[in-house]
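For reference, the structure is listed below as structure tokens.
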Amino acid sequence: MAHASPGRKLREAAQNVTIQIPGAFNALVARMAESAGFDAVYLSGAALSAGVLAMPDVGLFSLTELAQQTVYITRRVEIPVVVDADTGFGATPQVERTIVELERAGAAAIQLEDQLFPKRCGHLSGKQLIDAAEMCAKLRAAAAARADKDLILLARTDARGVTSLDDAIDRAKRYLDAGADWIFPEALADRGEFERFAREVEAPLVANMTEFGKSPLLTLDELGDLGYAAALYPVTLLRVAMKAVEAALAVVANDGTQVELIDLMQTRQELYDLIGYHDYEERDRAFFEQGNAKP
């Protein structure tokens, strides 16, 4: 019996319940999220830029780098991976290649946004939009390029922070007509806007619960009541991890030893369990035993 594709898994996971999708800035974190019972993980462009390249989220990484990071994650987890492809790396020909490469890398959903390149973080000022017709052309190209029709095209609109909520709603409807499957309204200002957007846009919706942004941090129950398909936490784990690293560096520098940090660490056994070390060890042993077996 054939296994469900990544896109089909994600569609089924969010069919009758609002799911939580934490951002995983590397494959190890993705495995931790999977072990904790989350239904999917998110490869954020902001987390990739900051966590891997130590650069700002202004469109500095390449499609090749994004596809490689996607492969690192999808090969080590069974849960679906939502991939932030920013503006699709160009016009419709580049969008086509983006879809092909990321689908082959194992993405369950590919996010495209309607910002003008070079893009900016969605909760900062200074963003510019492309024309809605141009975004629709990109979405039609994306829909035509995917091999698996269950691959989710997640269209993000940044219109609320640039023009108006009305424009964001209008664009979302046009994007759905152009081939988008799910909609991501960025930088909604309050609970009322989340409610109105969900009321007027009939599609699975993703709510961005990023910290320190323009949107309120609604609970999972609140978003479920409003009808959202998913709650996204794109940079939460990276932020927490970096604060922990900062604190640990201070302890080591001040104390001259890491002894006080031992109780806060993942043990060697816990790390080995997470990465499946003993599976590799057992296979390695078996290969040697097979070679030494007498005929």
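By order in the structure tokens, chains are A, B, ...; within a chain, residues start at 1; ligands start at 1, following the order shown.
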Problem set entry | 8 Å contact set for Tyr72 of chain A, only C-alpha atoms, chain neighbours under 4 positions out, as JSON, numbers by chain | {"A": [26, 27, 68, 76]}
For this session: Using only C-alpha atoms, pick whichever of A:Arg146, A:Arg199, A:Lys127, A:Lys243 has the shortest atom-to-atom distance to Gly106 of chain A.
Result: A:Arg146
Counting only C-alpha atoms, which residues in segment 46-165 of chain A sit no more than 10 Å from segment 215-237 of chain A? For each one, give the nearest pair of atoms and the distance in Å, sorted by chain then residue number, as JSON lines.
```
{"residue": "A:Ala46", "atom": "CA", "partner": "A:Val235", "partner_atom": "CA", "distance": 7.4}
{"residue": "A:Ala47", "atom": "CA", "partner": "A:Val235", "partner_atom": "CA", "distance": 5.9}
{"residue": "A:Leu48", "atom": "CA", "partner": "A:Val235", "partner_atom": "CA", "distance": 9.6}
{"residue": "A:Ala50", "atom": "CA", "partner": "A:Val235", "partner_atom": "CA", "distance": 9.7}
{"residue": "A:Gly51", "atom": "CA", "partner": "A:Val235", "partner_atom": "CA", "distance": 9.6}
{"residue": "A:Asp84", "atom": "CA", "partner": "A:Pro234", "partner_atom": "CA", "distance": 9.8}
{"residue": "A:His123", "atom": "CA", "partner": "A:Ser215", "partner_atom": "CA", "distance": 8.4}
```
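Distances from A:Ser49, A:Asn292, A:Gln258, A:Thr157 to Leu205 of chain A were compared using only C-alpha atoms, and the smallest one belongs to A:Thr157.
The residue set within 10 Å of Arg31 of chain A, counting only C-alpha atoms and dropping same-chain residues fewer than 5 places from it, reads Ala24, Asn26, Ala36, Gly37, Phe38, Val41, Ile73, Thr74, Arg76, Val77, Glu78, Ile79, Leu274 and Ile275 of chain A.
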Problem set entry | helix (DSSP H, G or I) call set, DSSP backbone run, segment 8-255 of chain A, as a PyMOL selection string | chain A and resi 8-13+27-35+45-51+63-74+92-104+132-145+159-161+165-178+191-200+220-226+236-255
Please produce, as a Markdown table, a per-residue contact table for segment 106-197 of chain A versus segment 6-19 of chain A (criterion: any atom at most 8 Å away, only C-alpha atoms considered), showing the nearest atom pair and its distance in Å to one decimal, sorted by chain then residue number.
```
| residue | atom | partner | partner_atom | distance |
| --- | --- | --- | --- | --- |
| A:Gly106 | CA | A:Pro6 | CA | 7.0 |
| A:Ala107 | CA | A:Pro6 | CA | 6.7 |
| A:Ala108 | CA | A:Gly7 | CA | 4.1 |
| A:Ala109 | CA | A:Gly7 | CA | 6.2 |
| A:Asp150 | CA | A:Gly7 | CA | 4.9 |
| A:Leu151 | CA | A:Gly7 | CA | 4.3 |
| A:Ile152 | CA | A:Gly7 | CA | 5.8 |
```
For this session: Enumerate as a PyMOL selection string all residues of segment 193-281 of chain A assigned to strand (DSSP E) by DSSP on the backbone, naming them with the chain letters and numbers the document uses.
Result: chain A and resi 206-208+230-233
Within 7 Å of Ala141 of chain A, counting only C-alpha atoms, which residues show up once you throw out same-chain ones fewer than 4 positions away? Write them as a PDB file with C-alpha atoms, in the first residue's frame, please.
```
ATOM      1  CA  THR A  92       7.140  32.710 -12.998  1.00  0.00           C
ATOM      2  CA  VAL A  95       8.790  30.000  -9.251  1.00  0.00           C
ATOM      3  CA  GLU A  96       8.354  26.891 -11.390  1.00  0.00           C
ATOM      4  CA  ALA A 137       0.615  34.469 -12.302  1.00  0.00           C
ATOM      5  CA  ALA A 145       4.788  22.914 -11.797  1.00  0.00           C
TER       6      ALA A 145
END
```
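Taking only C-alpha atoms into account, Arg196 of chain A lies nearest to A:Asp166 out of the set A:Arg239, A:Arg171, A:Asp177, A:Asp166.
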Give me the residues within 12 Å of Ala187 of chain A as a CSV table (one decimal) with C-alpha atoms, in the first residue's frame, counting only C-alpha atoms and dropping any in the same chain fewer than 5 places off.
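part.csv was written with the following content:
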```
chain,number,residue,atom,x,y,z
A,121,CYS,CA,10.4,40.4,7.6
A,122,GLY,CA,6.6,40.4,7.5
A,123,HIS,CA,6.2,42.4,10.8
A,124,LEU,CA,8.6,45.2,9.9
A,125,SER,CA,7.9,48.5,8.1
A,127,LYS,CA,7.6,46.4,2.8
A,156,ARG,CA,1.0,34.7,2.0
A,157,THR,CA,-0.3,38.2,1.6
A,158,ASP,CA,1.5,41.1,3.3
A,159,ALA,CA,-1.1,43.6,2.2
A,160,ARG,CA,-2.4,44.3,5.7
A,161,GLY,CA,0.9,46.0,6.7
A,162,VAL,CA,1.2,47.9,3.4
A,163,THR,CA,-2.3,48.8,2.2
A,164,SER,CA,-5.3,47.6,4.1
A,165,LEU,CA,-7.1,44.7,5.5
A,168,ALA,CA,-5.5,41.6,2.0
A,193,GLU,CA,-9.0,41.2,12.1
A,194,PHE,CA,-8.3,37.5,12.5
A,197,PHE,CA,-10.4,37.5,7.7
A,206,VAL,CA,-2.5,29.9,8.8
A,207,ALA,CA,-2.1,32.3,11.7
A,208,ASN,CA,1.4,33.6,12.3
A,209,MET,CA,2.0,33.7,16.1
A,210,THR,CA,5.5,35.2,15.9
A,211,GLU,CA,6.7,37.1,18.9
A,212,PHE,CA,7.5,40.8,19.0
A,213,GLY,CA,5.4,41.5,15.9
A,214,LYS,CA,2.2,43.3,15.0
A,215,SER,CA,-0.2,40.5,15.8
A,216,PRO,CA,-1.6,39.5,19.2
A,217,LEU,CA,-0.5,36.1,20.4
```
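Going from atom CA of Ala203 of chain A to atom CA of Asp57 of chain A covers 27.7 Å.
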